[in-house]
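Source file: run04.txt. Holds: compact mmCIF, C-alpha atoms and all ligand atoms.
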# COMPACT_ATOMS: atom_id res chain seq x y z
CA MET A 14 179.76 121.93 76.40
CA ILE A 15 180.31 119.52 73.52
CA SER A 16 180.91 115.76 73.50
CA LYS A 17 184.41 114.23 73.42
CA LYS A 18 183.47 112.73 70.04
CA MET A 19 182.59 116.18 68.64
CA GLN A 20 185.73 117.68 70.15
CA GLU A 21 187.82 114.98 68.43
CA ALA A 22 186.00 115.49 65.11
CA ILE A 23 186.49 119.27 65.20
CA ASN A 24 190.18 118.83 66.01
CA ALA A 25 190.44 116.57 62.94
CA GLN A 26 188.70 119.29 60.90
CA ILE A 27 191.15 121.94 62.16
CA ASN A 28 193.89 119.71 60.79
CA ALA A 29 192.02 119.35 57.47
CA GLU A 30 191.65 123.15 57.17
CA MET A 31 195.37 123.64 57.84
CA TRP A 32 196.16 120.86 55.35
CA SER A 33 194.04 122.80 52.80
CA ALA A 34 195.93 125.99 53.68
CA TYR A 35 199.31 124.30 53.12
CA LEU A 36 198.15 122.76 49.85
CA TYR A 37 197.13 126.19 48.53
CA LEU A 38 200.32 127.78 49.81
CA ALA A 39 202.26 125.13 47.85
CA MET A 40 200.19 125.99 44.76
CA SER A 41 200.93 129.69 45.33
CA ALA A 42 204.66 128.95 45.52
CA ASP A 43 204.57 126.76 42.40
CA ALA A 44 202.65 129.43 40.46
CA ALA A 45 205.15 132.11 41.56
CA ASP A 46 207.97 129.84 40.42
CA LYS A 47 206.31 129.63 36.98
CA GLY A 48 205.91 133.44 36.79
CA LEU A 49 202.11 133.30 37.20
CA LYS A 50 201.68 136.26 39.54
CA GLY A 51 197.89 136.44 39.51
CA ILE A 52 197.41 132.75 40.20
CA SER A 53 200.06 132.85 42.93
CA HIS A 54 198.21 135.77 44.54
CA TRP A 55 194.85 133.96 44.29
CA PHE A 56 196.23 130.91 46.09
CA ARG A 57 197.93 133.06 48.75
CA LYS A 58 194.52 134.59 49.49
CA GLN A 59 193.03 131.09 49.55
CA TYR A 60 195.71 130.06 52.06
CA ASN A 61 194.60 132.97 54.30
CA GLU A 62 190.95 131.90 53.99
CA GLU A 63 191.74 128.33 55.00
CA MET A 64 193.69 129.51 58.04
CA GLU A 65 190.66 131.65 58.98
CA HIS A 66 188.48 128.52 58.70
CA ALA A 67 190.88 126.72 61.07
CA PHE A 68 190.98 129.67 63.52
CA LYS A 69 187.18 129.84 63.57
CA PHE A 70 187.03 126.16 64.61
CA MET A 71 189.77 126.73 67.21
CA HIS A 72 187.87 129.65 68.69
CA TYR A 73 184.69 127.54 68.83
CA LEU A 74 186.44 124.75 70.75
CA GLU A 75 187.96 127.29 73.14
CA GLU A 76 184.55 128.86 73.78
CA GLN A 77 183.16 125.40 74.51
CA THR A 78 186.06 124.85 76.98
CA ALA A 79 187.22 121.97 74.78
CA ARG A 80 190.88 121.30 74.04
CA VAL A 81 192.48 122.27 70.71
CA GLU A 82 195.03 119.70 69.57
CA LEU A 83 197.22 120.56 66.59
CA ARG A 84 198.54 117.64 64.57
CA ALA A 85 201.04 117.00 61.79
CA ILE A 86 199.94 117.99 58.29
CA ALA A 87 199.62 115.16 55.73
CA LYS A 88 201.94 115.19 52.72
CA PHE A 89 200.74 116.78 49.48
CA PRO A 90 202.24 117.51 46.04
CA THR A 91 204.33 120.64 45.50
CA LYS A 92 204.37 120.82 41.68
CA TRP A 93 201.62 120.88 39.09
CA ALA A 94 201.91 120.44 35.32
CA ASN A 95 199.80 123.53 34.53
CA PRO A 96 197.21 125.93 36.06
CA LEU A 97 194.27 123.78 34.92
CA LYS A 98 195.67 120.79 36.88
CA MET A 99 196.06 123.06 39.93
CA PHE A 100 192.47 124.25 39.85
CA GLU A 101 191.10 120.78 39.05
CA GLU A 102 192.86 119.54 42.17
CA THR A 103 191.48 122.54 44.09
CA LEU A 104 187.93 121.62 43.04
CA LYS A 105 188.45 117.96 43.97
CA HIS A 106 189.95 119.02 47.30
CA GLU A 107 187.03 121.34 48.08
CA LYS A 108 184.57 118.51 47.34
CA THR A 109 186.43 116.36 49.88
CA VAL A 110 186.26 119.19 52.44
CA THR A 111 182.53 119.58 51.75
CA SER A 112 181.96 115.92 52.58
CA LEU A 113 184.00 116.31 55.80
CA ILE A 114 181.85 119.30 56.82
CA HIS A 115 178.67 117.37 55.99
CA ASN A 116 179.87 114.47 58.16
CA LEU A 117 180.47 116.88 61.05
CA TYR A 118 177.03 118.40 60.56
CA ALA A 119 175.40 114.94 60.52
CA MET A 120 177.23 114.10 63.77
CA ALA A 121 175.98 117.31 65.41
CA VAL A 122 172.41 116.52 64.33
CA ALA A 123 172.67 112.91 65.58
CA GLU A 124 173.97 114.12 68.96
CA LYS A 125 171.26 116.81 69.21
CA ASP A 126 174.18 119.24 69.60
CA TYR A 127 172.23 122.35 68.59
CA ALA A 128 175.09 124.80 69.16
CA SER A 129 177.41 122.88 66.83
CA THR A 130 174.64 122.48 64.25
CA ILE A 131 174.16 126.25 64.10
CA PHE A 132 177.91 126.89 64.13
CA LEU A 133 178.50 124.44 61.26
CA GLN A 134 175.86 126.04 59.04
CA TRP A 135 178.37 128.78 58.18
CA TYR A 136 180.78 126.13 56.84
CA VAL A 137 178.05 124.36 54.85
CA THR A 138 177.29 127.65 53.05
CA GLU A 139 180.97 128.50 52.69
CA GLN A 140 181.64 125.18 50.93
CA VAL A 141 179.00 125.95 48.29
CA GLU A 142 180.97 129.14 47.51
CA GLU A 143 184.35 127.38 47.64
CA GLU A 144 183.26 124.75 45.11
CA ALA A 145 181.60 127.36 42.87
CA ASN A 146 184.76 129.53 42.82
CA ALA A 147 187.00 126.60 41.86
CA GLN A 148 184.51 125.33 39.26
CA GLU A 149 184.29 128.79 37.68
CA ILE A 150 188.08 128.95 37.25
CA VAL A 151 188.30 125.38 35.88
CA ASP A 152 185.62 126.29 33.30
CA ALA A 153 187.43 129.53 32.38
CA LEU A 154 190.78 127.77 31.94
CA LYS A 155 189.17 125.10 29.72
CA CYS A 156 187.64 127.87 27.64
CA ILE A 157 190.97 129.72 27.37
CA GLY A 158 192.83 126.58 26.24
CA ASP A 159 196.07 127.57 24.43
CA ASP A 160 195.07 131.21 23.89
CA LYS A 161 198.08 133.01 25.43
CA ALA A 162 196.54 136.51 25.28
CA ALA A 163 193.37 135.32 27.02
CA PHE A 164 195.47 133.54 29.65
CA TYR A 165 197.51 136.72 30.25
CA MET A 166 194.29 138.67 30.91
CA PHE A 167 192.95 135.88 33.11
CA ASP A 168 196.12 135.88 35.28
CA LYS A 169 195.81 139.68 35.61
CA GLU A 170 192.18 139.29 36.70
CA LEU A 171 193.11 136.80 39.45
CA ALA A 172 195.68 139.30 40.74
CA GLY A 173 192.71 141.50 41.72
CA ARG A 174 191.25 139.03 44.20
FE1 LIG B 1 188.09 125.48 54.35
FE2 LIG B 1 188.27 125.70 51.19
O1 LIG B 1 187.44 125.01 52.72

Now that the file is in, can you turn its structure into structure tokens?
Ligand code: FEO
Amino acid sequence: MISKKMQEAINAQINAEMWSAYLYLAMSADAADKGLKGISHWFRKQYNEEMEHAFKFMHYLEEQTARVELRAIAKFPTKWANPLKMFEETLKHEKTVTSLIHNLYAMAVAEKDYASTIFLQWYVTEQVEEEANAQEIVDALKCIGDDKAAFYMFDKELAGR
């Protein structure tokens, strides 16, 4: 049993996870359009991860006999100037998601909702990894700069995700 307030907040987070999924799917499509196969693959995997995050929240609500309510996805861009801009936006986006997860966690603590506190710990840890992954790629792309051979190898490496 969870509070109506927590139910509402988790439904909002399900929407945020699906919004993340759609954003990364759009990045995957844009990368494919630019012939960047590895980057397109990386973002397609990221799309799958975000949908898993959403499904995990949905399952939690269902187990708590709380209602899942799916909502419209907010608009987002569909084109990026270059891969660095894509991954910089990914990092910024993940930082936003981290703050949303932290807000949920704080709400669970304030409500003494121990089940939700424990459940949300997985997401707190996951966000550390999500930010680290995006930061690592931003750093690599800055290092690569205009080196076409290095970029070719980098795109190949992302294809292995
Ligand atoms: Fe669901 Fe990338 O955080």

(message) Here is a test: counting only C-alpha atoms, which residue of A:Ile52, A:Ile27, A:Ile114, A:Ala45 is nearest to Met71 in chain A?
(response) A:Ile27

(request) For CA of Tyr73 in chain A and CA of Lys105 in chain A, quote the distance in Å rounded to one decimal. (result) 26.9 Å

Could you list, as a PDB file with C-alpha atoms, keeping the file's coordinate frame, all the residues within 8 Å of ligand LIG 1 (chain B), counting only C-alpha atoms and all ligand atoms?
ATOM      1  CA  ALA A  29     192.020 119.350  57.470  1.00  0.00           C
ATOM      2  CA  GLU A  30     191.650 123.150  57.170  1.00  0.00           C
ATOM      3  CA  SER A  33     194.040 122.800  52.800  1.00  0.00           C
ATOM      4  CA  ALA A  34     195.930 125.990  53.680  1.00  0.00           C
ATOM      5  CA  GLN A  59     193.030 131.090  49.550  1.00  0.00           C
ATOM      6  CA  GLU A  62     190.950 131.900  53.990  1.00  0.00           C
ATOM      7  CA  GLU A  63     191.740 128.330  55.000  1.00  0.00           C
ATOM      8  CA  MET A  64     193.690 129.510  58.040  1.00  0.00           C
ATOM      9  CA  HIS A  66     188.480 128.520  58.700  1.00  0.00           C
ATOM     10  CA  ALA A  67     190.880 126.720  61.070  1.00  0.00           C
ATOM     11  CA  HIS A 106     189.950 119.020  47.300  1.00  0.00           C
ATOM     12  CA  GLU A 107     187.030 121.340  48.080  1.00  0.00           C
ATOM     13  CA  VAL A 110     186.260 119.190  52.440  1.00  0.00           C
ATOM     14  CA  THR A 111     182.530 119.580  51.750  1.00  0.00           C
ATOM     15  CA  TYR A 136     180.780 126.130  56.840  1.00  0.00           C
ATOM     16  CA  GLU A 139     180.970 128.500  52.690  1.00  0.00           C
ATOM     17  CA  GLN A 140     181.640 125.180  50.930  1.00  0.00           C
ATOM     18  CA  GLU A 143     184.350 127.380  47.640  1.00  0.00           C
ATOM     19  CA  GLU A 144     183.260 124.750  45.110  1.00  0.00           C
TER      20      GLU A 144
END

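Neighbouring residues of Asn24 in chain A at 7 Å or closer, counting all atoms listed in the file and skipping chain neighbours under 4 positions away, are A:Gln20, A:Asn28, A:Val81, A:Glu82.
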
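Among the candidates A:Leu74, A:Ala153, A:Met31, A:Ala87, the residue lying nearest to Ser129 in chain A is A:Leu74 (atoms considered: all atoms listed in the file).
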
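Atom pair CA of Phe167 in chain A / CA of Pro90 in chain A has a distance of 24.3 Å (rounded to one decimal).
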
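The protein and nucleic acid residues lying at most 10 Å from Ala22 in chain A are Ser16, Asn28, Leu113, Asn116, Leu117 and Met120 of chain A, with all atoms listed in the file considered and sequence neighbours fewer than 6 positions away removed.
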
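Minimum atom-to-atom distances from A:Ala163, A:Ala128, A:Ile86, A:Val151 to Tyr35 in chain A were compared using only C-alpha atoms, and the lowest value belongs to A:Ile86.
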
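Taking CA of Gly51 in chain A as the reference point, CA of Cys156 in chain A is found at 17.9 Å.
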
(request) Find the residues near Trp55 in chain A: any atom within 12 Å, counting only C-alpha atoms, skip ones fewer than 2 places away on the same chain, and give them as an NGL selection string. (result) :A and (37-38 or 40-42 or 44-45 or 49-53 or 57-62 or 96 or 99-100 or 103 or 146-147 or 150 or 167-174)

What box, with edges along x, y and z, holds each listed atom of range 115-119 of chain A when 4 Å is added on every side, and can you state its centre and edge lengths in Å to one decimal, as lines of an AutoDock Vina configuration file?
center_x = 177.9
center_y = 116.4
center_z = 58.5
size_x = 13.1
size_y = 11.9
size_z = 13.1

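Nearest to His115 in chain A of all the residues A:Lys18, A:Ala145, A:Gln26, A:His72 is A:Gln26, counting only C-alpha atoms.
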
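Considering all atoms listed in the file, the residue among A:Ala39, A:Ile23, A:Met166, A:Ile131 positioned nearest to Phe68 in chain A is A:Ile23.
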